Structures are given as structure tokens and as C-alpha cells.
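Chemist: Dumping the structure here so I can ask a few things about it.
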Amino acid sequence: MAIQLEELEVKHGFSYQTEDGVAVFTFDLPDSAVNTLSPETGLAFDALLTRAEQAPEVKAVVFISGKKDNFVAGAKIDFLQKIQTAEEAATVARNAQKGFDRLDAFPKPVVAAIHGSCLGGGLEWALACDYRLITDSPKTVLGLPEVQLGLLPGGGGTQRLPALIGVQAALDLILTGKHVKPSKAKRLGLVDEVAPVSLLRALALRRARELAAGTLKVERAHGQGLKAVATQSKKGLAGFFKGLANKEMWAEVALEDNPLGRKVLFDQARKQLLKKTRGHYPAQEKALEAVRVGVVSGRQAGLETEARLFGELVVSDVSQRLVELFFATTALKKENGTANPQVKAREVKKVGVLGGGLMGGGIAYVSSALQGVPVRVKDKDDLGAGRALKQVQNILDERVKKRSLTGREATAKMALVSAGTDYSGFKTVDLIIEAVFEDLKLKQRVLAETEAVTHDGCIFASNTSSLPITELAKASRRPELVIGMHYFSPVNKMPLLEIITHPGTAEWVTATCVEVGRKQGKTVIVVNDGVGFYTSRILAPYMNEAAYLLAEGADIAELDRALVDFGFPVGPITLLDEVGIDVAHKVGPIMEAAFGKRLAAPKTLDKVIEDGRLGRKNKKGFYTYNGKKKEVDTSVYALLPTGHDRKDIERAEMAERCVLQMVNEAVRCLGEGILRSPRDGDVGAIFGLGFPPFRGGPFRYADSLTPAALLQRLEHYHDKFGERFAPAPLLVETVKAGKTFHAR
């Protein structure tokens with residue numbers, strides 16, 4: 001029996017050794033970069049506990065990881081995908097709860113020695129230990145990110161975390177899925193001690209012996225984290241209580257033994273939660289309910305509620321879409337962007353940025369602060385060069401303010417950036433990212449200038465949102481080194497990087513730019529060249545349709561609400577104001593020239609532009625920007641075709657018309673070879689354009705409707721409005737073949 005137990009432990013990544021009365025459990029899952037949890041892992045750990053409990057020489061236990069920068073990353077997601085029913089998933093949660101309950105009640109002290117990511121089930125595991133010791137490394141983060149996969153913590157996290165750090169602080173972590181760094185984890189009471197990486201193991205062993213001997217006693221006030229709420233970020237759940245007097249008041253009102261405080265807290269949390277999610281993300285609501293039941297009716301009732309709701313979520317459509325998205329982005333991280341997986345990226349030791357505007361400054365930041373290489377910025381004048389430096393400094397200052405960087409670290413990162421008005425410093429750059437004005441002749445001119453001053457292996461990447469890279473490359477002496485790198489604004493916050501290759505782009509150039517993008521923290525998709533590429537192209541008909549709706553008399557606020565209700569973060573008219581009405585207006589002729597009347601923009605915006613309305617940038621657009629509350633500027637209606645006469649168009653129709661335009665154009669891009677796969681199209685639309693993640697992207701959404709139903713709706717609008725709703729040829733072919741876009 002003992003031999004069988006040891007085989008189970010080894011097979012699932014555990015080793016067991018004793019050191020002076022302490023049993024050390026080391027978790028190092030074979031053939032995996034990170035440790036993940038599964039039912040088999042639980043059985044192996046349970047066997048270790050039995051072994052340590054029965055060994056009289058063992059007085060305490062230390063649980064540690066054998067991975068370099070990972071404690072436990074959470075549950076094995078592909079295991080969850082195999083679950084067929086809610087009851088089956090609930091049973092998995094109950095078994096995890098029982099396993100952690102056994103650890104919680106283990107008669108010998110258990111110390112969790114944490115270095116690297118400790119997330120999801122990994123944190124639930126640690127919460128069941130008697131003492132939590134973590135390293136001060138920036139790679140050490142703690143969190144319960146299950147809601148980001150449409151799930152909730154199912155191993156007791158909704159019960160243990162509120163009991164440890166208080167309801168409000170726990171909800172802030174559970175409902176947002178945010179990660180916590182070591183210093184904040186200590187302030188919240190989430191961990192007991194922070195230590196240098198080099199001392200983690202030795203200190204964990206010492207603390208285990210002290211706990212066993214009784215010389216170390218850990219005293220925690222129930223819900224100690226409530227008093228730490230005042231130090232939390234204004235983001236997350238703290239923002240839910242904006243209308244209340246102050247956070248200190250909540251530390252008193254929300255105490256678990258105050259029924260009135262509990263009721264108000266949960267009522268307000270649910271109200272604000274629904275305001276944010278609009279009911280599209282059930283995981284947050286169900287997590288809130290599990291916490292509420294535990295606080296009001298006791299831990300056992302809370303655990304049962306947690307398991308039942310976990311089961312419901314695992315088999316829900318929303319969770320399936322979010323998990324599919326997780327696997328899509330994970331797969332992208334393993335690819336080099338070419339058809340040949342053997343192609344290697346070349347090292348980029350220095351980056352040059354042309355243009356010191358908003359985009360150029362953002363690119364300089366991600367290249368220096370995240371990619372970690374020296375950056376040289378060139379602008380036409382000192383003002384532009386200074387603006388780029390100022391922008392990088394502002395982003396770093398904000399990170400210092402939020403304590404994600406120390407002042408010393410920020411200074412070191414800022415030292416990597418320099419700027420000027422000529423090409424000095426460009427001789428040694430390996431990659432130039434051009435972010436000048438969207439004009440092909442200007443871009444061709446700066447391309448020729450840079451080739452004259454850079455080495456023969458220097459890549460030239462254009463940050464353009466619509467101009468064909470093939471045309472740009474015609475001005476190059478080294479066309480194989482020309483590529484597109486389309487960033488989204490603001491660069492430091494938007495997660496997508498769209499890389500565009502023309503037929504002559506060298507594969508190693510593509511692989512190098514993909515690797516650079518990843519180091520800059522971006523989710524990267526690679527698309528083939530064409531006007532508008534992918535993201536700008538599918539956005540154009542979506543925005544055009546919004547303009548057609550305005551021309552028909554749609555109410556501005558109602559139109560925006562329709563798309564927000566569908567799941568977009570902002571509506572199309574708000575987006576127009578944000579990107580600049582003039583910028584959007586210039587895209588129309590480019591798209592019409594390339595694709596004909598199908599993508600011709602209506603004349604809706606002509607008089608709006610003539611009136612000098614550019615949007616947020618000049619505080620004059622479809623909305624007002626002078627008061628505290630942003631409202632529709634009703635005077636703009638006089639500039640629209642129907643004037644102040646508004647037409648009552650149902651929100652469902654407005655949303656459907658705009659969304660079908662985007663989805664249909666995405667299918668065209670796939671059919672024309674702009675996209676490599678439906679997966680890339682889904683990722684690009686979600687991370688670049690805000691397509692609702694819970695709907696899975698344009699192609700997952702098409703499959704959920706069924707291609708036949710999508711075709712029927714497009715034909716309906718085609719009969720009503722004409723050519724702009726003409727179904728994509730690939731959609732017609734897919735329906736005829738009885739297929740879907742994603743293989744089932």
C-alpha cells in the first residue's frame with residue numbers, strides 16, 4: 001500500500017522528505033511549465049497528508065513548489081471542459097472542498113511557502129494552510145481569477161477569503177479576479193509574512209517548527225481585512241460604494257455580525273455589479289450569492305451554495321466562450337506567426353520610434369518599460385520629442401502611484417528612453433516602429449530616410465491602421481524587412497497588436513515582431529495585407545451602419561445603449577467621439593475606393609465635420625464634455641439629415657444591424673485570406689475592438705446563431721437596405737456545406 005501511495009505521489013508531481021521534524025511536500029508537475037490542480041492531484045496530496053499524519057517524527061508540514069516562478073496556477077482548465085453536467089461539476093467542487101477541509105483541520109501545522117503565481121485553486125489551497133509565507137518577488141502574485149473564465153472559486157474560496165480578510169476586501173478580489181502583489185497581500189492579511197526568495201524555504205521550515213513548538217502563535221481578528229479597505233485602489237469593488245460617506249464607515253457597517261450592514265452591503269454590491277455586467281456575466285452574481293449565503297447562513301451552507309453554483313457555471317455558454325478564448329490566446333502565445341514553426345525570432349536590442357505623438361509615446365513606453373530595451377524617439381521638432389518623453393514619464397509615475405513600481409525602478413526604466421529631432425542614435429537600432437501621420441507618401445519618405453541611416457538587418461514596422469503595407473514596401477530597398485505593427489490607443493492599456501505581413505515579408509521578420517509584441521505584453525495576431533487589414537476593416541461597416549441609423553433618425557443615446565446592452569464596452573457614437581469624428585470620416589473614402597459601394601459611408605457626418613466637431617479631443621462632438629456628466633449635445637441633431645425629428649427604432653434592431661455588419665465583414669476577411677483562422681478573428685475583435693468576450697468573438701457568435709440563421713438575417717436586411725448587407729461568399733458556402741466556422 002505504501003508503495004502504491006508513493007507511486008501516486010510521484011506520478012502527479014509530489015515529492016516527500018523530512019528535515020528535522022518537518023515534512024516537506026514539493027509540488028512539481030511533470031511535463032508542465034506550471035503546477036495545476038486536478039482530482040488526481042488532490043488524491044496524491046491527500047496521500048501525503050496521511051503519510052505525514054501517521055509519522056510520529058513529523059511535527060509540522062511545509063508545502064512548496066518545485067517550479068521556477070509558479071506555486072500553483074489553478075485548476076487544469078481542459079479537465080473542466082470534459083465535464084458534461086452541472087451535477088458532475090458540483091461534485092468536483094465538493095471533493096475539492098473536502099480535500100481543503102481536511103488540510104484546514106490537519107492536526108499538525110502546515111506552512112504554505114509561496115513563490116510565483118498562486119492563483120485560483122492554488123490560493124484556495126494556501127488559504128487552508130495555517131501559515132502563508134510569500135516571496136517579495138514581482139513574479140509572486142495571488143488572486144482568484146475564476147470569474148475571468150466565467151466561473152467562481154469552487155474549493156471554498158468564497159468562504160475562507162471573507163472569513164480571513166473581511167467581506168468587502170474579499171469581494172473586491174473575487175468579483176474582479178484581480179491579482180494582488182506581496183506588499184498588498186500582507187496589508188490585507190491575506191498572507192502572514194513576506195520574505196526574500198533566497199530565504200523562503202529555510203524560513204518556512206523555521207516557522208513550521210515554531211508553530212509546532214508553540215513559540216509562534218498566529219492571532220488573526222475575524223475579517224481583519226476590513227480595516228485595510230481604506231488602502232485599496234479606487235478601482236474594483238471599492239468603486240461600488242462611491243455614493244456612501246466613506247470607506248471607514250463601511251469597516252463598521254459591514255461587520256459580519258451586523259445584519260443591517262450585511263444587507264446594505266450585498267444589496268449595493270449586487271446593484272453596482274449588474275450596472276457593470278448588465279447581466280451578461282453570471283459568474284460575478286453567483287459568486288456574490290455564495291459569499292452572501294456563507295456570511296448569513298454559515299460556512300456549511302455557503303460551501304454547498306458555492307459547489308452548486310460552480311456546477312451551473314461550468315456548463316454555461318458564457319463560461320464555455322470565455323474558456324475557449326483562454327485556450328485561443330494560450331495557443332497564440334506558442335506560435336511564431338508564420339506557417340513554419342521552425343523559424344526563429346532574432347534578438348532586438350534597441351528600438352527606434354518615429355513620431356512622438358500619442359501613439360509614438362505609448363510605443364516608446366511598452367518598448368522600454370515592458371520589453372526592456374533602449375528606445376530612441378525621433379520627432380520633427382523639440383516639442384514633439386519632449387511630448388513623447390513626458391508621456392512615458394507620466395505612465396511610469398502612475399505606476400509608482402499605484403505601487404506597481406518603485407521610484408527607483410521607474411527611474412531605471414525612464415533612463416532607457418531618449419529623444420531627438422534627427423536620426424542620431426538610429427545606426428544601432430534593430431527595429432524601427434513608425435508612428436507618423438496616416439499618409440502613404442509621408443510614410444514612404446521616412447522609410448527611405450531610415451534605410452539610409454540603419455544597418456541592413458533593421459526591420460521597418462509601420463503603425464498604420466489602414467494603409468496597405470505592400471504599397472509602403474514598394475518604396476523600400478529592403479522590402480523583405482517591411483511589416484505592419486498596428487497598435488491600439490492607448491498603447492499602454494489596449495491588449496492587442498495586429499501584425500500585418502505583405503507577400504514579400506521575410507518569415508524571420510514576422511517571428512521577430514511577434515516576439516517583440518509578446519514582450520511588450522500584447523496579445524498578437526498576424527494577418528495578411530489588405531486595406532484596413534482585419535480590425536479596421538470590420539470596424540468600418542459597423543460604424544457605417546451606426547451612421548445610417550443616425551441618418552434614419554435614431555436617438556444617439558439609445559443607439560449607444562443598444563450596443564452596450566449587446567455587450568460592447570461603449571456604443572458606436574461614443575467611440576466616434578473618442579477616436580475623433582474627423583479620423584473616422586477620412587476612413588470612409590479609403591474603404592469605398594477599395595471595396596466599392598458596399599462599404600461607402602453615408603453623408604451623415606459631413607455637416608458635423610463642417611461644424612468643427614471633432615469629438616473629445618476638442619470637447620465638441622456628439623456628447624458634451626464641459627460638465628461632470630457626459631450627455632448628448634442635442635444641438636448636434638440639427639446637423640443630421642432628419643434634424644431634431646427622432647425615429648423610434650428598437651434597440652434590438654439597432655444592435656443587430658451594426659453587429660451583423662461586423663460579423664459579415666469578418667467572414668469576408670476569412671474568405672479572402674486576410675485572416676489565417678476564425679480563432680484569430682475572434683481574438684482580434686475581442687481584444688482590439690471590444691467585441692463582447694462572453695459571445696466568443698464574431699465567428700463563435702456566428703456559430704451560436706448558426707451560419708444558416710446568420711445568412712437568413714443578412715438576406716432580410718439585404719432585401720430591405722441593399723448591397724451593404726450582401727452576405728459574404730464564404731458564409732453562403734459554409735451554409736451550403738452544412739458546416740460551422742469552428743469545428744465542433
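Residues are named by chain letter and number: chains run A, B, ... in the order of the C-alpha cells, numbers start at 1 in each chain, and ligands are numbered from 1 in the order shown.
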As a PDB file with all heavy atoms, in the first residue's frame, please: the residues near Leu539 in chain A (cut-off 10 Å, only C-alpha atoms, same-chain neighbours under 4 positions excluded).
Modeler:
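The new file result07.pdb reads:
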ATOM      1  N   GLY A 532      -7.251  48.272 -44.641  1.00  0.00           N
ATOM      2  CA  GLY A 532      -7.932  48.123 -43.356  1.00  0.00           C
ATOM      3  C   GLY A 532      -7.517  46.893 -42.584  1.00  0.00           C
ATOM      4  O   GLY A 532      -7.948  46.717 -41.435  1.00  0.00           O
ATOM      5  N   TYR A 534      -7.521  43.680 -40.798  1.00  0.00           N
ATOM      6  CA  TYR A 534      -8.691  42.990 -40.253  1.00  0.00           C
ATOM      7  C   TYR A 534      -9.519  43.896 -39.348  1.00  0.00           C
ATOM      8  O   TYR A 534     -10.689  44.170 -39.610  1.00  0.00           O
ATOM      9  CB  TYR A 534      -8.263  41.736 -39.492  1.00  0.00           C
ATOM     10  CG  TYR A 534      -9.413  41.079 -38.752  1.00  0.00           C
ATOM     11  CD1 TYR A 534     -10.509  40.590 -39.457  1.00  0.00           C
ATOM     12  CD2 TYR A 534      -9.422  40.968 -37.359  1.00  0.00           C
ATOM     13  CE1 TYR A 534     -11.588  39.996 -38.794  1.00  0.00           C
ATOM     14  CE2 TYR A 534     -10.478  40.376 -36.693  1.00  0.00           C
ATOM     15  CZ  TYR A 534     -11.567  39.889 -37.407  1.00  0.00           C
ATOM     16  OH  TYR A 534     -12.625  39.315 -36.755  1.00  0.00           O
ATOM     17  N   THR A 535      -8.901  44.411 -38.282  1.00  0.00           N
ATOM     18  CA  THR A 535      -9.692  45.132 -37.273  1.00  0.00           C
ATOM     19  C   THR A 535     -10.319  46.407 -37.835  1.00  0.00           C
ATOM     20  O   THR A 535     -11.508  46.660 -37.631  1.00  0.00           O
ATOM     21  CB  THR A 535      -8.829  45.456 -36.044  1.00  0.00           C
ATOM     22  OG1 THR A 535      -7.628  46.122 -36.466  1.00  0.00           O
ATOM     23  CG2 THR A 535      -8.477  44.189 -35.275  1.00  0.00           C
ATOM     24  N   MET A 543     -19.393  50.882 -37.981  1.00  0.00           N
ATOM     25  CA  MET A 543     -19.555  52.319 -37.757  1.00  0.00           C
ATOM     26  C   MET A 543     -20.430  52.955 -38.843  1.00  0.00           C
ATOM     27  O   MET A 543     -21.233  53.854 -38.565  1.00  0.00           O
ATOM     28  CB  MET A 543     -18.195  53.008 -37.707  1.00  0.00           C
ATOM     29  CG  MET A 543     -17.290  52.521 -36.587  1.00  0.00           C
ATOM     30  SD  MET A 543     -17.965  52.812 -34.942  1.00  0.00           S
ATOM     31  CE  MET A 543     -17.635  54.559 -34.760  1.00  0.00           C
ATOM     32  N   ASN A 544     -20.283  52.472 -40.074  1.00  0.00           N
ATOM     33  CA  ASN A 544     -21.143  52.968 -41.156  1.00  0.00           C
ATOM     34  C   ASN A 544     -22.614  52.746 -40.838  1.00  0.00           C
ATOM     35  O   ASN A 544     -23.456  53.622 -41.060  1.00  0.00           O
ATOM     36  CB  ASN A 544     -20.810  52.263 -42.475  1.00  0.00           C
ATOM     37  CG  ASN A 544     -19.596  52.859 -43.169  1.00  0.00           C
ATOM     38  OD1 ASN A 544     -19.043  53.859 -42.725  1.00  0.00           O
ATOM     39  ND2 ASN A 544     -19.186  52.236 -44.264  1.00  0.00           N
ATOM     40  N   PRO A 572     -21.247  52.907 -30.480  1.00  0.00           N
ATOM     41  CA  PRO A 572     -20.516  53.409 -31.657  1.00  0.00           C
ATOM     42  C   PRO A 572     -20.395  54.923 -31.728  1.00  0.00           C
ATOM     43  O   PRO A 572     -19.408  55.439 -32.248  1.00  0.00           O
ATOM     44  CB  PRO A 572     -21.336  52.864 -32.836  1.00  0.00           C
ATOM     45  CG  PRO A 572     -22.698  52.596 -32.280  1.00  0.00           C
ATOM     46  CD  PRO A 572     -22.483  52.190 -30.855  1.00  0.00           C
ATOM     47  N   CYS A 658     -25.849  46.673 -36.683  1.00  0.00           N
ATOM     48  CA  CYS A 658     -24.423  47.015 -36.544  1.00  0.00           C
ATOM     49  C   CYS A 658     -23.565  45.759 -36.394  1.00  0.00           C
ATOM     50  O   CYS A 658     -22.519  45.617 -37.043  1.00  0.00           O
ATOM     51  CB  CYS A 658     -24.218  47.937 -35.338  1.00  0.00           C
ATOM     52  SG  CYS A 658     -24.915  49.591 -35.536  1.00  0.00           S
ATOM     53  N   VAL A 659     -24.013  44.841 -35.548  1.00  0.00           N
ATOM     54  CA  VAL A 659     -23.220  43.639 -35.268  1.00  0.00           C
ATOM     55  C   VAL A 659     -23.131  42.740 -36.499  1.00  0.00           C
ATOM     56  O   VAL A 659     -22.061  42.197 -36.812  1.00  0.00           O
ATOM     57  CB  VAL A 659     -23.806  42.869 -34.068  1.00  0.00           C
ATOM     58  CG1 VAL A 659     -23.134  41.508 -33.925  1.00  0.00           C
ATOM     59  CG2 VAL A 659     -23.638  43.679 -32.789  1.00  0.00           C
ATOM     60  N   GLN A 661     -23.133  43.585 -39.533  1.00  0.00           N
ATOM     61  CA  GLN A 661     -22.169  44.174 -40.462  1.00  0.00           C
ATOM     62  C   GLN A 661     -20.739  43.767 -40.089  1.00  0.00           C
ATOM     63  O   GLN A 661     -19.932  43.411 -40.958  1.00  0.00           O
ATOM     64  CB  GLN A 661     -22.295  45.708 -40.451  1.00  0.00           C
ATOM     65  CG  GLN A 661     -23.546  46.233 -41.138  1.00  0.00           C
ATOM     66  CD  GLN A 661     -23.419  46.225 -42.657  1.00  0.00           C
ATOM     67  OE1 GLN A 661     -22.619  45.492 -43.231  1.00  0.00           O
ATOM     68  NE2 GLN A 661     -24.219  47.033 -43.320  1.00  0.00           N
ATOM     69  N   MET A 662     -20.429  43.821 -38.802  1.00  0.00           N
ATOM     70  CA  MET A 662     -19.086  43.451 -38.349  1.00  0.00           C
ATOM     71  C   MET A 662     -18.824  41.967 -38.579  1.00  0.00           C
ATOM     72  O   MET A 662     -17.754  41.569 -39.079  1.00  0.00           O
ATOM     73  CB  MET A 662     -18.904  43.802 -36.864  1.00  0.00           C
ATOM     74  CG  MET A 662     -17.531  43.446 -36.324  1.00  0.00           C
ATOM     75  SD  MET A 662     -17.295  43.904 -34.587  1.00  0.00           S
ATOM     76  CE  MET A 662     -17.031  45.672 -34.714  1.00  0.00           C
ATOM     77  N   VAL A 663     -19.781  41.129 -38.228  1.00  0.00           N
ATOM     78  CA  VAL A 663     -19.606  39.678 -38.359  1.00  0.00           C
ATOM     79  C   VAL A 663     -19.483  39.281 -39.829  1.00  0.00           C
ATOM     80  O   VAL A 663     -18.608  38.479 -40.198  1.00  0.00           O
ATOM     81  CB  VAL A 663     -20.784  38.935 -37.692  1.00  0.00           C
ATOM     82  CG1 VAL A 663     -20.708  37.433 -37.976  1.00  0.00           C
ATOM     83  CG2 VAL A 663     -20.793  39.185 -36.188  1.00  0.00           C
ATOM     84  N   GLU A 665     -18.413  41.082 -42.313  1.00  0.00           N
ATOM     85  CA  GLU A 665     -17.123  41.525 -42.853  1.00  0.00           C
ATOM     86  C   GLU A 665     -15.987  40.643 -42.348  1.00  0.00           C
ATOM     87  O   GLU A 665     -15.007  40.396 -43.064  1.00  0.00           O
ATOM     88  CB  GLU A 665     -16.871  42.988 -42.487  1.00  0.00           C
ATOM     89  CG  GLU A 665     -15.875  43.690 -43.386  1.00  0.00           C
ATOM     90  CD  GLU A 665     -16.335  43.799 -44.839  1.00  0.00           C
ATOM     91  OE1 GLU A 665     -17.557  43.898 -45.080  1.00  0.00           O
ATOM     92  OE2 GLU A 665     -15.454  43.786 -45.734  1.00  0.00           O
ATOM     93  N   ALA A 666     -16.110  40.151 -41.105  1.00  0.00           N
ATOM     94  CA  ALA A 666     -15.104  39.226 -40.576  1.00  0.00           C
ATOM     95  C   ALA A 666     -15.075  37.944 -41.409  1.00  0.00           C
ATOM     96  O   ALA A 666     -13.997  37.411 -41.716  1.00  0.00           O
ATOM     97  CB  ALA A 666     -15.414  38.906 -39.115  1.00  0.00           C
ATOM     98  N   ALA A 685     -11.043  40.704 -32.688  1.00  0.00           N
ATOM     99  CA  ALA A 685     -12.229  41.530 -32.458  1.00  0.00           C
ATOM    100  C   ALA A 685     -12.459  41.787 -30.975  1.00  0.00           C
ATOM    101  O   ALA A 685     -12.871  42.879 -30.577  1.00  0.00           O
ATOM    102  CB  ALA A 685     -13.460  40.858 -33.069  1.00  0.00           C
ATOM    103  N   LEU A 689     -11.265  45.466 -30.535  1.00  0.00           N
ATOM    104  CA  LEU A 689     -12.452  46.286 -30.785  1.00  0.00           C
ATOM    105  C   LEU A 689     -13.504  46.187 -29.686  1.00  0.00           C
ATOM    106  O   LEU A 689     -14.536  46.855 -29.765  1.00  0.00           O
ATOM    107  CB  LEU A 689     -13.092  45.888 -32.129  1.00  0.00           C
ATOM    108  CG  LEU A 689     -12.178  45.983 -33.360  1.00  0.00           C
ATOM    109  CD1 LEU A 689     -12.913  45.491 -34.598  1.00  0.00           C
ATOM    110  CD2 LEU A 689     -11.681  47.409 -33.558  1.00  0.00           C
TER     111      LEU A 689
END
Chemist: Which of these, A:Leu127, A:Ala461, A:Ala562, A:Ala388, has the shortest distance to Met654 in chain A once you count only C-alpha atoms?
Modeler: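 Between A:Leu127, A:Ala461, A:Ala562, A:Ala388, the residue approaching Met654 in chain A most closely is A:Ala562.
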Chemist: Set the distance at 7 Å and use only C-alpha atoms: which residues neighbour range 604-613 of chain A once local chain neighbours fewer than 3 positions away are removed? I'd like the list as a list of chain:residue names.
Modeler: A:Ala547, A:Ala551, A:Asp582, A:Lys620, A:Gly621, A:Leu639, A:Leu640, A:Pro641
Chemist: With only C-alpha atoms as the counted atoms, please give the residues lying no more than 7 Å from His179 in chain A, apart from itself and same-chain residues fewer than 6 positions off, as a list of chain:residue names.
Modeler: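 The filter keeps A:Val141, A:Leu142, A:Gly143.
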Chemist: Could you give me, as a PDB file with N, CA, C and O atoms, in the first residue's frame, the residues within 8 Å of range 435-439 of chain A, counting only C-alpha atoms and dropping anything in the same chain fewer than 2 positions from it?
Modeler:
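That gives us result_24.pdb:
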ATOM      1  N   VAL A 353      11.706  54.716 -32.572  1.00  0.00           N
ATOM      2  CA  VAL A 353      10.304  55.096 -32.773  1.00  0.00           C
ATOM      3  C   VAL A 353      10.270  56.412 -33.538  1.00  0.00           C
ATOM      4  O   VAL A 353      10.907  57.393 -33.128  1.00  0.00           O
ATOM      5  N   LEU A 354       9.527  56.444 -34.634  1.00  0.00           N
ATOM      6  CA  LEU A 354       9.380  57.661 -35.431  1.00  0.00           C
ATOM      7  C   LEU A 354       8.024  58.283 -35.126  1.00  0.00           C
ATOM      8  O   LEU A 354       6.987  57.683 -35.399  1.00  0.00           O
ATOM      9  N   GLY A 355       8.038  59.466 -34.551  1.00  0.00           N
ATOM     10  CA  GLY A 355       6.789  60.145 -34.189  1.00  0.00           C
ATOM     11  C   GLY A 355       6.609  60.153 -32.681  1.00  0.00           C
ATOM     12  O   GLY A 355       6.603  59.100 -32.036  1.00  0.00           O
ATOM     13  N   GLY A 356       6.491  61.356 -32.119  1.00  0.00           N
ATOM     14  CA  GLY A 356       6.387  61.479 -30.666  1.00  0.00           C
ATOM     15  C   GLY A 356       4.987  61.791 -30.183  1.00  0.00           C
ATOM     16  O   GLY A 356       4.813  62.285 -29.070  1.00  0.00           O
ATOM     17  N   GLY A 357       3.982  61.484 -30.997  1.00  0.00           N
ATOM     18  CA  GLY A 357       2.598  61.749 -30.595  1.00  0.00           C
ATOM     19  C   GLY A 357       2.095  60.731 -29.594  1.00  0.00           C
ATOM     20  O   GLY A 357       2.871  60.008 -28.953  1.00  0.00           O
ATOM     21  N   MET A 359       0.534  57.888 -30.014  1.00  0.00           N
ATOM     22  CA  MET A 359       0.897  56.511 -30.338  1.00  0.00           C
ATOM     23  C   MET A 359       2.402  56.280 -30.155  1.00  0.00           C
ATOM     24  O   MET A 359       2.824  55.287 -29.566  1.00  0.00           O
ATOM     25  N   GLY A 360       3.210  57.219 -30.659  1.00  0.00           N
ATOM     26  CA  GLY A 360       4.656  57.066 -30.544  1.00  0.00           C
ATOM     27  C   GLY A 360       5.123  56.995 -29.105  1.00  0.00           C
ATOM     28  O   GLY A 360       5.970  56.174 -28.743  1.00  0.00           O
ATOM     29  N   ILE A 433       9.836  51.375 -35.382  1.00  0.00           N
ATOM     30  CA  ILE A 433       8.374  51.388 -35.415  1.00  0.00           C
ATOM     31  C   ILE A 433       7.949  52.806 -35.759  1.00  0.00           C
ATOM     32  O   ILE A 433       8.181  53.739 -35.004  1.00  0.00           O
ATOM     33  N   LYS A 441       2.561  58.734 -48.638  1.00  0.00           N
ATOM     34  CA  LYS A 441       3.781  59.371 -49.155  1.00  0.00           C
ATOM     35  C   LYS A 441       4.724  59.766 -48.028  1.00  0.00           C
ATOM     36  O   LYS A 441       5.941  59.633 -48.137  1.00  0.00           O
ATOM     37  N   LEU A 442       4.157  60.259 -46.928  1.00  0.00           N
ATOM     38  CA  LEU A 442       4.983  60.620 -45.777  1.00  0.00           C
ATOM     39  C   LEU A 442       5.660  59.379 -45.203  1.00  0.00           C
ATOM     40  O   LEU A 442       6.862  59.395 -44.898  1.00  0.00           O
ATOM     41  N   LYS A 443       4.920  58.299 -45.084  1.00  0.00           N
ATOM     42  CA  LYS A 443       5.484  57.065 -44.535  1.00  0.00           C
ATOM     43  C   LYS A 443       6.571  56.503 -45.458  1.00  0.00           C
ATOM     44  O   LYS A 443       7.600  56.006 -44.988  1.00  0.00           O
ATOM     45  N   SER A 462       5.476  49.622 -39.680  1.00  0.00           N
ATOM     46  CA  SER A 462       4.607  50.796 -39.706  1.00  0.00           C
ATOM     47  C   SER A 462       3.403  50.582 -38.806  1.00  0.00           C
ATOM     48  O   SER A 462       2.700  49.581 -38.912  1.00  0.00           O
ATOM     49  N   ASN A 463       3.193  51.541 -37.908  1.00  0.00           N
ATOM     50  CA  ASN A 463       1.985  51.520 -37.078  1.00  0.00           C
ATOM     51  C   ASN A 463       0.888  52.258 -37.843  1.00  0.00           C
ATOM     52  O   ASN A 463       0.610  53.423 -37.607  1.00  0.00           O
ATOM     53  N   THR A 464       0.298  51.551 -38.787  1.00  0.00           N
ATOM     54  CA  THR A 464      -0.788  52.128 -39.580  1.00  0.00           C
ATOM     55  C   THR A 464      -2.051  51.328 -39.321  1.00  0.00           C
ATOM     56  O   THR A 464      -1.986  50.128 -39.062  1.00  0.00           O
ATOM     57  N   LEU A 467      -3.452  51.753 -44.122  1.00  0.00           N
ATOM     58  CA  LEU A 467      -2.686  51.841 -45.375  1.00  0.00           C
ATOM     59  C   LEU A 467      -1.988  50.522 -45.694  1.00  0.00           C
ATOM     60  O   LEU A 467      -1.335  49.938 -44.825  1.00  0.00           O
TER      61      LEU A 467
END
Chemist: With distances taken over only C-alpha atoms, which residue among A:Ile674, A:Leu416, A:Leu405, A:Ala213 lies nearest Ile499 in chain A?
Modeler: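 For Ile499 in chain A, the nearest of the candidates is A:Ile674.
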Chemist: Taking only C-alpha atoms into account, name the residue in A:Arg51, A:Leu288, A:Tyr423, A:Ala33 that is nearest to Gln268 in chain A.
Modeler: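 Residue with the minimum atom-to-atom distance to Gln268 in chain A: A:Leu288.
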Chemist: Apply DSSP to the structure's backbone, then extract all residues of range 60-253 of chain A labelled helix (DSSP H, G or I) and return them as a ChimeraX atom specification.
Modeler: /A:77-81,86-104,121-127,145-149,157-165,167-176,182-188,197-213,224-231,236-241,247-253
Chemist: Taking into account only C-alpha atoms, which residue in the set A:Ala73, A:Ala126, A:Ala170, A:Leu133 is nearest to Val194 in chain A?
Modeler: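 Among the listed residues, A:Leu133 lies closest to Val194 in chain A.
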Chemist: Would you mind listing what lies within 9 Å of Val218 in chain A as number ranges by chain, with only C-alpha atoms counted and same-chain residues fewer than 5 positions away left out?
Modeler: A: 130-131, 192, 211
Chemist: From the options A:Leu205, A:Leu190, A:Val293, A:Val491, which residue's atoms come nearest to Ala364 in chain A, counting only C-alpha atoms?
Modeler: A:Val491
Chemist: Among range 11-211 of chain A, which residues does DSSP mark as strand (DSSP E) when it is run on the backbone? Keep the chain and numbering as in the structure and answer as number ranges by chain.
Modeler: A: 14-19, 22-27, 60-65, 70-72, 110-114, 117-119, 131-135, 141-143, 179-180, 193-195
Chemist: Near range 78-94 of chain A, within 6 Å and counting only C-alpha atoms, which residues show up once chain neighbours fewer than 6 positions away are dropped, as a list in words?
Modeler: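 Once the adjacent positions are removed, what remains is Gly154, Gly155, Ala307, Arg308, Gly311 and Glu312 of chain A.
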Chemist: Any idea what the distance is between CA of Met591 in chain A and CA of Thr338 in chain A?
Modeler: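 These atoms are spaced 27.4 Å apart.
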Chemist: Using only C-alpha atoms, pick whichever of A:Gln444, A:Ser418, A:Ser704, A:Ser198 has the shortest atom-to-atom distance to Asp317 in chain A.
Modeler: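 Smallest distance to Asp317 in chain A is found for A:Ser704.
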